[in-house]
Amino acid sequence: MGAVGAAQSGRPLLPLPHMADVSGLAPSPAVLNSQFLALAKLFPSLVDPDAEEGPLIINTRVRKDSFAGYKRLGDPGNSIFLKDAEARAIIPWTPIFARENHLLQLPPSVTRQIDCAELLVVNESSAHYPVFGNKARKYEFLLPNLKWSGSQHLGTIGAVSSNHALQFALANRMADLTGDGEPLNCALDLVLFEVPGAATDMARLAILQSLVQRVAITKNDVELVGEAAYEFARHWLHPDTDSVVPPGGSNELSVLGHMNAVAELAQWLDAAQAWETPPDVIFVPMGSGSTVLGLLFGVHLMGWQTKVVGVADQDKPYLTRWLVNRQPSLPFVEGNVTQLARSTAAWLQKIRFPGISPNTLRRVREEIFVPDSNSWGPGYGLVESVDTAWAEELKEAGLNLDPVFTLKAWRSLLALSRTGTLNNKKVLFWNTYNSFEYTPPLLSGLG
């Protein structure tokens, strides 16, 4: 590992020189300035500074408030801002990727093998932009929140192959948060866990090392997760680290990203005149939690009767389930999502988010959420030969899936199809994998 400046002892090595410039990998200012918050069409008060109820979501590219002098409530990256004690909660939001209609219709060669009425894909993947879709939606709320919280030195945690680690490192360097060329550009440390059974991608590791201050590589022999992972990570982070971004970028605030995505989906379906009624079932990968929760709360806000099948990416041993979720009988990822659902519902109620009531959590958990904690085998980032065959066929059809998350969600869709559960249902598959080819353009900048 030393060849790429990573560390396996308690003290990370000095970083490699930073990449000169990654700003060219971002969408143009004109494209970003044209983006809008889809939730505001559903609830205009969210962007109306004269409204009296609920939070105010500010586009920081339009209104360049620094939030200096505002009172901040919550941890950096998971805060609201108040002008005074009785004022509305203010939440900064920055569009960092282009919202286009990402609905994909698969060819009959694929769809005829699935027993459902119709199948569409939300394809959050880009051949042009490295920070896009699934992760970008979270960062649109996380990054400006960190900036206006005054964060200077960040740390985050993930697997060596973590999409979050790579995309967050890039977004930190290139996402313009003001429209004046001001990315967050904080000092950033990464604590990365090796994945048992999977080889470390040395090119990817070199890219990460070129983007951040430090990369620490450590084994995950004791199944570190949750608070234990945070405490462990702090031994590897710089003493000046003032904020730790959660694994996957998931917290209560970032759930807003995919609540907004459901509002966008409604507009895409209407514009495409694809379906006259909402989807009956949505399949989506389920990892750190805020993506599936955003879809769950978004479906609730839209008043749809849609079921959201969240497909776990892994499970953990009994002891880990107990330590993290206090629910050892519940599969780990499902328990983690349940915990985050509870705290998110409470947070949304506290800031008086429109459409959220004391009954929302019950409806989300009992009426909308359908967890699949069986499709994760054989392990994190590991798939079977039948999955590999499907991956090749889907790639030819224009849909790129990954072995950690989305192939398992596809496996879940196929399994339910075989039982007849999807018969006569309109099915939506939510592809969260951004298949951008990172290595050639990013390695070229290493010199």
# chains A, B, ... in the order shown; residues from 1 in each chain; ligands from 1
$ select_by_dssp --residues "range 277-397 of chain A" --states "helix (DSSP H, G or I)" --output "ChimeraX atom specification"
/A:290-302,318-325,332-350,360-368,385-396
$ closest_atom_pairs --of "range 271-292 of chain A" --to "range 101-121 of chain A" --cutoff "10 Å" --atoms "only C-alpha atoms" --output "JSON lines"
{"residue": "A:Ala271", "atom": "CA", "partner": "A:Asn101", "partner_atom": "CA", "distance": 8.8}
{"residue": "A:Ala272", "atom": "CA", "partner": "A:Asn101", "partner_atom": "CA", "distance": 8.5}
{"residue": "A:Ala274", "atom": "CA", "partner": "A:Leu120", "partner_atom": "CA", "distance": 9.0}
{"residue": "A:Trp275", "atom": "CA", "partner": "A:Glu118", "partner_atom": "CA", "distance": 9.2}
{"residue": "A:Pro279", "atom": "CA", "partner": "A:Leu120", "partner_atom": "CA", "distance": 9.1}
{"residue": "A:Val281", "atom": "CA", "partner": "A:Leu119", "partner_atom": "CA", "distance": 9.8}
{"residue": "A:Ile282", "atom": "CA", "partner": "A:Val121", "partner_atom": "CA", "distance": 9.4}
{"residue": "A:Phe283", "atom": "CA", "partner": "A:Val121", "partner_atom": "CA", "distance": 9.5}
$ residues_around --residues "Val255 in chain A" --least-positions-apart "4" --cutoff "7 Å" --atoms "only C-alpha atoms" --output "VMD selection string"
chain A and resid 251 259 290 to 291 293 to 294
$ residues_around --residues "range 355-368 of chain A" --least-positions-apart "6" --cutoff "10 Å" --atoms "only C-alpha atoms" --output "PyMOL selection string"
chain A and resi 42-43+54+281+293+295-309+337-338+341-346+348-349
$ atom_distance --atom1 "CA of Pro55 in chain A" --atom2 "CA of Ile91 in chain A"
7.1 Å
